[in-house]
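Structure file final-v5.csv (CSV, C-alpha atoms) follows.
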chain,number,residue,atom,x,y,z
Q,4,MET,CA,30.1,-37.4,9.0
Q,5,PHE,CA,28.2,-34.8,11.1
Q,6,LEU,CA,28.7,-34.2,14.8
Q,7,LEU,CA,25.9,-33.6,17.3
Q,8,SER,CA,26.5,-31.2,20.1
Q,9,GLN,CA,24.8,-32.0,23.5
Q,10,VAL,CA,22.7,-28.9,23.5
Q,11,PRO,CA,22.1,-25.8,21.2
Q,12,ASP,CA,24.2,-22.9,22.4
Q,13,HIS,CA,21.5,-20.3,21.7
Q,14,GLN,CA,18.2,-21.9,22.8
Q,15,VAL,CA,16.2,-19.4,24.8
Q,16,ALA,CA,12.9,-21.3,25.6
Q,17,GLY,CA,11.5,-24.8,25.7
Q,18,HIS,CA,13.0,-28.0,27.1
Q,19,GLU,CA,16.8,-28.0,27.1
Q,20,ALA,CA,18.9,-31.1,26.8
Q,21,ARG,CA,20.7,-30.5,30.1
Q,22,ASP,CA,21.1,-32.6,33.2
Q,23,GLY,CA,19.8,-35.7,31.7
Q,24,LYS,CA,16.6,-34.1,30.4
Q,25,LEU,CA,15.0,-34.6,27.0
Q,26,GLY,CA,15.7,-31.7,24.6
Q,27,PRO,CA,16.8,-30.8,21.1
Q,28,LEU,CA,20.3,-31.3,19.6
Q,29,VAL,CA,22.1,-29.6,16.7
Q,30,ASP,CA,24.8,-30.7,14.4
Q,31,ASP,CA,27.6,-28.9,12.6
Q,32,LEU,CA,25.9,-28.8,9.3
Q,33,GLY,CA,23.0,-26.5,10.2
Q,34,CYS,CA,20.3,-28.9,11.4
Q,35,PHE,CA,18.2,-28.8,14.6
Q,36,TYR,CA,16.9,-32.1,15.9
Q,37,LYS,CA,13.7,-31.8,17.9
Q,38,PRO,CA,12.6,-34.9,19.7
Q,39,LEU,CA,9.1,-36.1,19.1
Q,40,GLN,CA,7.2,-36.1,22.3
Q,41,ASP,CA,5.4,-39.2,23.4
Q,42,ASP,CA,1.9,-37.7,23.5
Q,43,ASP,CA,0.1,-36.4,20.4
Q,44,ARG,CA,2.1,-33.1,20.4
Q,45,GLY,CA,4.9,-34.8,18.5
Q,46,SER,CA,2.7,-36.5,15.9
Q,47,LYS,CA,0.7,-33.2,15.4
Q,48,GLU,CA,3.8,-31.2,14.8
Q,49,LEU,CA,5.2,-33.8,12.4
Q,50,ALA,CA,1.8,-33.8,10.6
Q,51,PHE,CA,1.9,-30.0,10.3
Q,52,TYR,CA,5.5,-29.9,8.9
Q,53,THR,CA,4.7,-32.7,6.5
Q,54,LYS,CA,1.6,-31.0,5.1
Q,55,PHE,CA,2.9,-27.5,5.1
Q,56,SER,CA,6.1,-28.4,3.3
Q,57,SER,CA,4.2,-30.1,0.5
Q,58,MET,CA,1.5,-27.4,-0.1
Q,59,PRO,CA,2.1,-25.6,-3.5
Q,60,GLU,CA,-0.1,-22.7,-2.4
Q,61,ILE,CA,2.5,-21.6,0.2
Q,62,THR,CA,4.7,-19.2,-1.7
Q,63,SER,CA,8.4,-18.9,-1.2
Q,64,HIS,CA,8.2,-15.5,0.4
Q,65,ILE,CA,6.0,-17.0,3.2
Q,66,ARG,CA,7.8,-20.3,3.4
Q,67,ARG,CA,11.0,-18.5,4.4
Q,68,PHE,CA,9.4,-17.6,7.7
Q,69,PHE,CA,9.2,-21.2,8.7
Q,70,PRO,CA,12.2,-23.5,9.5
Q,71,THR,CA,13.0,-25.8,6.6
Q,72,PHE,CA,11.8,-29.3,7.3
Q,73,HIS,CA,14.2,-32.2,6.4
Q,74,GLY,CA,12.1,-35.1,7.6
Q,75,VAL,CA,12.5,-37.4,10.6
Q,76,GLN,CA,15.6,-39.2,11.9
Q,77,THR,CA,16.0,-41.6,14.8
Q,78,LEU,CA,18.7,-40.5,17.2
Q,79,ALA,CA,19.9,-41.4,20.7
Q,80,ALA,CA,17.7,-39.2,23.0
Q,81,SER,CA,19.5,-36.6,25.1
Q,82,ASP,CA,18.0,-38.0,28.3
Q,83,GLY,CA,19.6,-41.4,27.8
Q,84,SER,CA,16.3,-43.1,27.1
Q,85,GLY,CA,17.5,-44.7,23.9
Q,86,PRO,CA,16.6,-44.1,20.2
Q,87,ARG,CA,13.9,-41.7,19.5
Q,88,PRO,CA,12.5,-40.1,16.4
Q,89,HIS,CA,13.5,-36.4,15.9
Q,90,LEU,CA,12.2,-33.7,13.6
Q,91,VAL,CA,15.1,-32.6,11.4
Q,92,LEU,CA,14.7,-28.8,11.0
Q,93,GLN,CA,16.8,-25.8,9.9
Q,94,ASP,CA,19.0,-24.5,12.8
Q,95,VAL,CA,17.9,-20.8,12.6
Q,96,VAL,CA,21.0,-19.5,14.3
Q,97,PHE,CA,23.5,-21.7,12.5
Q,98,GLY,CA,26.6,-19.7,11.3
Q,99,ARG,CA,26.0,-16.8,13.7
Q,100,VAL,CA,28.7,-16.3,16.3
Q,101,ASN,CA,27.0,-14.2,19.0
Q,102,PRO,CA,23.3,-13.9,18.0
Q,103,SER,CA,20.8,-12.0,20.0
Q,104,VAL,CA,17.5,-14.0,20.1
Q,105,VAL,CA,14.1,-13.4,21.5
Q,106,ASP,CA,11.2,-16.0,21.5
Q,107,ILE,CA,7.7,-14.4,21.6
Q,108,LYS,CA,4.6,-16.6,22.1
Q,109,ILE,CA,1.8,-15.1,20.0
Q,110,GLY,CA,-1.9,-14.9,21.0
Q,111,SER,CA,-4.0,-13.8,23.9
Q,112,ARG,CA,-5.2,-17.4,24.1
Q,113,THR,CA,-2.6,-20.2,24.0
Q,114,TRP,CA,-4.9,-23.2,24.3
Q,115,TYR,CA,-6.5,-25.0,21.4
Q,116,PRO,CA,-10.2,-25.8,20.9
Q,117,GLN,CA,-9.8,-29.6,21.3
Q,118,ALA,CA,-7.7,-29.4,24.5
Q,119,SER,CA,-8.8,-31.0,27.7
Q,120,GLU,CA,-10.3,-29.0,30.4
Q,121,ASP,CA,-7.2,-29.4,32.6
Q,122,TYR,CA,-5.0,-28.1,29.8
Q,123,VAL,CA,-7.2,-25.2,29.1
Q,124,ASN,CA,-7.3,-24.2,32.7
Q,125,ARG,CA,-3.5,-24.3,32.9
Q,126,CYS,CA,-3.1,-22.2,29.8
Q,127,LEU,CA,-5.7,-19.7,31.0
Q,128,LYS,CA,-3.8,-19.3,34.3
Q,129,LYS,CA,-0.5,-18.6,32.5
Q,130,ASP,CA,-2.1,-16.3,30.0
Q,131,ARG,CA,-3.6,-14.2,32.8
Q,132,GLU,CA,-0.4,-14.2,34.9
Q,133,THR,CA,1.8,-13.1,32.0
Q,134,THR,CA,1.2,-10.5,29.4
Q,135,SER,CA,-0.6,-12.8,26.9
Q,136,LEU,CA,-4.1,-11.7,27.8
Q,137,LEU,CA,-3.1,-8.1,28.2
Q,138,LEU,CA,-0.9,-7.6,25.1
Q,139,GLY,CA,-1.8,-10.6,22.9
Q,140,PHE,CA,1.8,-12.0,23.2
Q,141,ARG,CA,4.4,-12.8,25.9
Q,142,ILE,CA,8.1,-13.1,25.9
Q,143,SER,CA,9.1,-16.8,26.4
Q,144,GLY,CA,12.8,-16.4,26.5
Q,145,LEU,CA,15.7,-14.2,25.3
Q,146,LYS,CA,19.4,-13.9,25.0
Q,147,ILE,CA,20.9,-10.5,24.1
Q,148,TYR,CA,24.6,-10.1,23.4
Q,149,GLY,CA,26.1,-7.2,25.1
Q,150,GLY,CA,29.8,-7.4,24.0
Q,151,ASP,CA,33.1,-9.1,24.7
Q,152,ARG,CA,33.2,-7.9,28.4
Q,153,SER,CA,29.6,-8.4,29.4
Q,154,GLY,CA,28.7,-11.4,27.2
Q,155,PHE,CA,25.0,-12.4,27.1
Q,156,TRP,CA,22.1,-11.2,29.1
Q,157,LYS,CA,19.7,-14.2,29.6
Q,158,PRO,CA,17.2,-13.8,32.4
Q,159,GLU,CA,16.1,-16.8,34.4
Q,160,LYS,CA,12.8,-18.4,33.3
Q,161,LYS,CA,11.0,-17.2,36.4
Q,162,VAL,CA,12.1,-13.7,35.7
Q,163,VAL,CA,10.8,-13.8,32.1
Q,164,GLN,CA,7.5,-15.3,33.2
Q,165,SER,CA,7.0,-12.3,35.5
Q,166,PHE,CA,7.5,-9.7,32.8
Q,167,THR,CA,5.0,-6.8,32.9
Q,168,LEU,CA,4.0,-4.5,30.0
Q,169,GLN,CA,6.8,-2.2,31.0
Q,170,ASP,CA,9.3,-5.1,31.1
Q,171,VAL,CA,8.3,-6.2,27.6
Q,172,ARG,CA,8.8,-2.7,26.2
Q,173,PHE,CA,12.1,-2.5,28.0
Q,174,VAL,CA,13.3,-5.8,26.5
Q,175,LEU,CA,12.2,-5.0,23.0
Q,176,ARG,CA,14.2,-1.7,23.3
Q,177,LYS,CA,17.2,-3.4,24.9
Q,178,PHE,CA,17.2,-6.0,22.1
Q,179,VAL,CA,18.4,-3.3,19.7
Q,180,SER,CA,20.6,-1.3,22.1
Q,181,CYS,CA,24.3,-0.7,22.3
Q,182,ASN,CA,24.7,0.3,26.0
Q,183,LEU,CA,24.7,-3.3,27.3
Q,184,GLU,CA,28.2,-3.5,28.9
Q,185,THR,CA,26.3,-4.2,32.1
Q,186,PRO,CA,23.5,-6.3,30.6
Q,187,ASP,CA,21.4,-6.7,33.7
Q,188,SER,CA,21.4,-3.0,34.5
Q,189,VAL,CA,18.2,-0.9,34.4
Q,190,THR,CA,19.9,1.8,32.3
Q,191,ASP,CA,17.5,3.2,29.7
Q,192,PRO,CA,18.3,1.4,26.5
Q,193,ASP,CA,19.6,3.7,23.7
Q,194,CYS,CA,18.0,1.7,20.9
Q,195,SER,CA,20.9,2.6,18.7
Q,196,PHE,CA,20.5,-0.4,16.4
Q,197,ALA,CA,16.7,0.0,16.0
Q,198,SER,CA,16.9,1.4,12.5
Q,199,ALA,CA,19.4,-1.3,11.3
Q,200,VAL,CA,17.5,-4.2,13.0
Q,201,TYR,CA,13.9,-3.3,13.2
Q,202,GLY,CA,13.7,-0.8,10.4
Q,203,GLY,CA,14.5,-0.8,6.7
Q,204,THR,CA,13.2,-2.8,3.8
Q,205,GLY,CA,14.6,-6.1,5.1
Q,206,GLY,CA,14.3,-5.4,8.9
Q,207,ILE,CA,12.2,-7.2,11.4
Q,208,LEU,CA,9.3,-4.8,11.2
Q,209,SER,CA,9.1,-5.2,7.4
Q,210,GLN,CA,9.1,-9.0,7.9
Q,211,LEU,CA,6.4,-8.9,10.5
Q,212,LEU,CA,4.3,-6.8,8.2
Q,213,GLU,CA,4.7,-9.4,5.5
Q,214,LEU,CA,3.5,-12.0,7.9
Q,215,LYS,CA,0.6,-9.8,9.0
Q,216,GLU,CA,-0.5,-9.5,5.4
Q,217,TRP,CA,-0.5,-13.3,5.0
Q,218,PHE,CA,-2.4,-13.8,8.2
Q,219,GLU,CA,-5.1,-11.3,7.1
Q,220,ASP,CA,-5.9,-13.8,4.3
Q,221,GLN,CA,-4.8,-17.3,5.2
Q,222,THR,CA,-7.5,-19.6,6.6
Q,223,MET,CA,-5.7,-22.9,6.2
Q,224,PHE,CA,-4.3,-23.1,9.8
Q,225,HIS,CA,-4.8,-21.7,13.3
Q,226,PHE,CA,-1.4,-21.3,14.9
Q,227,ASN,CA,-2.2,-21.9,18.6
Q,228,SER,CA,0.6,-21.4,21.0
Q,229,CYS,CA,3.2,-20.7,18.3
Q,230,SER,CA,6.1,-18.3,18.7
Q,231,VAL,CA,7.9,-15.6,16.7
Q,232,LEU,CA,11.6,-16.0,16.9
Q,233,MET,CA,13.6,-12.8,16.2
Q,234,VAL,CA,17.4,-13.1,15.6
Q,235,TYR,CA,20.2,-10.8,14.6
Q,236,GLU,CA,23.9,-10.3,15.1
Q,237,LYS,CA,25.3,-7.2,16.8
Q,238,GLU,CA,28.8,-7.5,15.5
Q,239,SER,CA,27.5,-7.3,11.9
Q,240,VAL,CA,25.9,-4.0,12.6
Q,241,LEU,CA,29.1,-2.7,14.3
Q,242,ARG,CA,31.1,-3.6,11.2
Q,243,GLY,CA,28.7,-1.6,9.0
Q,244,GLU,CA,27.2,-4.8,7.5
Q,245,THR,CA,23.6,-5.8,7.4
Q,246,SER,CA,22.3,-7.1,10.8
Q,247,GLY,CA,21.1,-10.4,9.4
Q,248,ALA,CA,17.8,-9.8,11.1
Q,249,GLU,CA,15.5,-12.7,10.7
Q,250,VAL,CA,12.0,-13.7,11.8
Q,251,LYS,CA,10.9,-17.3,12.0
Q,252,LEU,CA,7.7,-18.9,13.3
Q,253,ILE,CA,8.4,-22.0,15.5
Q,254,ASP,CA,6.5,-24.5,17.7
Q,255,PHE,CA,3.6,-26.1,15.8
Q,256,ALA,CA,2.5,-28.9,18.2
Q,257,HIS,CA,-0.9,-27.2,18.6
Q,258,VAL,CA,-1.7,-26.0,15.1
Q,259,THR,CA,-5.2,-26.9,14.0
Q,260,GLU,CA,-7.1,-26.7,10.8
Q,261,GLY,CA,-8.4,-23.2,9.9
Q,262,ASP,CA,-11.6,-24.5,8.2
Q,263,GLY,CA,-11.9,-21.3,6.2
Q,264,VAL,CA,-11.7,-19.0,9.2
Q,265,ILE,CA,-9.0,-16.3,9.8
Q,266,ASP,CA,-6.8,-16.9,12.8
Q,267,HIS,CA,-7.8,-13.8,14.7
Q,268,ASN,CA,-6.0,-14.9,17.8
Q,269,PHE,CA,-2.6,-15.0,16.2
Q,270,LEU,CA,-3.3,-12.0,14.0
Q,271,GLY,CA,-4.3,-9.9,16.9
Q,272,GLY,CA,-1.1,-10.8,18.9
Q,273,LEU,CA,1.0,-10.2,15.8
Q,274,CYS,CA,-0.5,-6.7,15.3
Q,275,SER,CA,0.2,-5.9,18.9
Q,276,LEU,CA,3.8,-6.9,18.6
Q,277,ILE,CA,4.1,-4.8,15.4
Q,278,LYS,CA,2.8,-1.8,17.3
Q,279,PHE,CA,5.4,-2.1,20.0
Q,280,ILE,CA,8.2,-2.4,17.5
Q,281,SER,CA,6.8,0.4,15.3
Q,282,ASP,CA,6.8,2.7,18.3
Q,283,ILE,CA,10.5,2.0,19.0
Q,284,VAL,CA,11.4,2.6,15.3
Q,285,ASN,CA,9.4,5.9,15.2
Q,286,ASP,CA,10.8,7.1,18.5
Q,287,THR,CA,14.3,6.4,17.4
Q,288,GLU,CA,13.8,8.2,14.1
Q,289,LYS,CA,12.5,11.3,16.0
Q,290,CYS,CA,15.6,11.3,18.1
Q,291,TRP,CA,17.9,11.4,15.1
Q,292,ASN,CA,15.9,14.0,13.2
Represent the structure of the file as structure tokens.
Amino acid sequence: MFLLSQVPDHQVAGHEARDGKLGPLVDDLGCFYKPLQDDDRGSKELAFYTKFSSMPEITSHIRRFFPTFHGVQTLAASDGSGPRPHLVLQDVVFGRVNPSVVDIKIGSRTWYPQASEDYVNRCLKKDRETTSLLLGFRISGLKIYGGDRSGFWKPEKKVVQSFTLQDVRFVLRKFVSCNLETPDSVTDPDCSFASAVYGGTGGILSQLLELKEWFEDQTMFHFNSCSVLMVYEKESVLRGETSGAEVKLIDFAHVTEGDGVIDHNFLGGLCSLIKFISDIVNDTEKCWN
């Protein structure tokens, strides 16, 4: 019999199941239970997972960038409102002890074409006030492990929402740095794990480039307001093992049909993120040469 925890330990963005609020749950078998929302967002995300998981044209090397879908299960909601259907998904951080995680919302435009005027205006406001419009992506949440003494650096939501271009560059460097014993310090990140986490044949940069190649061709879907989740484990690198670096796409409540058109909004943001990470890898390689 599996056990549900009250809240995922390593969730960095979205609604959390705390203080009587509705949010996701996890079990001890590697499943993530995401409650279906009452409006059409829940039904749309379920429809996407159902369709995507059954499409033979989605190859295994692309399918691995998406959480595995295990169907729907009715569970007691975390807010005490009673039974509610939940998407049963792969828990991306399952089995990792102290994972560093960053959630990056992709696209300079986060609204979808069929959205109401009010929703579009709210998205436009947030896109302009964050780095979405400027960079084609914004950091939605993060949690970086600094070590036994310092623990995790997880800035408050309001701090993350105020990130500037310089802050984004700083965070992406800090994500792969060793000098984090004072995680909230402004010390210039050393990027000592950049080659192990971002670089290499199986690193995050290589994975993002694989996704880019797919998005340059795929016209089945437009991934409005979706996120790239980047995960790795610092202790593995320190032991001389592989970092376990992994990229996943998450949040599909606003996916729409592609109708034969390339998703330039997502592709543009993805290319921008790739440029930021490539610069970090290249700068680090120069320092070591």
Inset, instruction - Go through Q:Asp220, Q:Arg112, Q:Val91, Q:His225 one by one, measure the shortest atom-to-atom distance of each to Asn124 of chain Q using only C-alpha atoms, and give the residue with the smallest value. - result: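 For Asn124 of chain Q, the nearest of the given residues is Q:Arg112.
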Legend entry - Interatomic distance (Å, one decimal) between atom CA of Leu136 of chain Q and atom CA of Gln210 of chain Q: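 Atom CA of Leu136 of chain Q sits 24.0 Å away from atom CA of Gln210 of chain Q.
By chain and then residue number, the residues within 7 Å of Ile147 of chain Q are Q:Ser103, Q:Val104, Q:Leu145, Q:Gly149, Q:Phe155, Q:Trp156, Q:Lys157, Q:Phe178, counting all atoms listed in the file and disregarding those fewer than 2 positions away in sequence.
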Legend entry - Given all atoms listed in the file as the counted atoms, nearest of Q:Cys34, Q:Cys229, Q:Ile65, Q:Ala199 to Val96 of chain Q: Q:Cys34
Legend entry - atom CA of Lys128 of chain Q to atom CA of Ser228 of chain Q, straight-line distance in Å: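 Distance between the two atoms: 14.2 Å.
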Legend entry - Surrounding residues of segment 80-90 of chain Q excluding itself and chain neighbours under 5 positions, 9 Å, only C-alpha atoms, as JSON, numbers by chain: {"Q": [9, 10, 20, 21, 22, 23, 24, 25, 26, 27, 28, 35, 36, 37, 38, 39, 40, 45, 48, 49, 72, 73, 74, 75]}
Inset, instruction - Kindly indicate which residue among Q:Ile265, Q:Leu276, Q:Val29, Q:Ala79 lies nearest to Ser111 of chain Q, using only C-alpha atoms for the distances. - result: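 Distance minimum relative to Ser111 of chain Q lands on Q:Leu276.
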Inset, instruction - Between Q:Arg141, Q:His267, Q:Arg176, Q:Lys160, single out the one closest to Gln221 of chain Q, counting all atoms listed in the file. - result: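 Among the listed residues, Q:His267 lies closest to Gln221 of chain Q.
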Inset, instruction - Can you pull out every residue within 6 Å of Val105 of chain Q, counting all atoms listed in the file, but drop anything in the same chain fewer than 3 positions away, and send it as a ChimeraX atom specification? - result: /Q:144-145,232-233
Can I get the selection written as a tab-separated table (two decimals), keeping the file's coordinate frame, with C-alpha atoms?
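Here's the written file part_31.tsv:
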chain	number	residue	atom	x	y	z
Q	144	GLY	CA	12.80	-16.40	26.50
Q	145	LEU	CA	15.70	-14.20	25.30
Q	232	LEU	CA	11.60	-16.00	16.90
Q	233	MET	CA	13.60	-12.80	16.20
Inset, instruction - Pick out the residues sitting within 9 Å of Ile277 of chain Q, and hand them over as an MDAnalysis selection string; count all atoms listed in the file, and ignore anything fewer than 2 positions along from it in its own chain. - result: chainID Q and resid 208 211:212 215 272:275 279:282
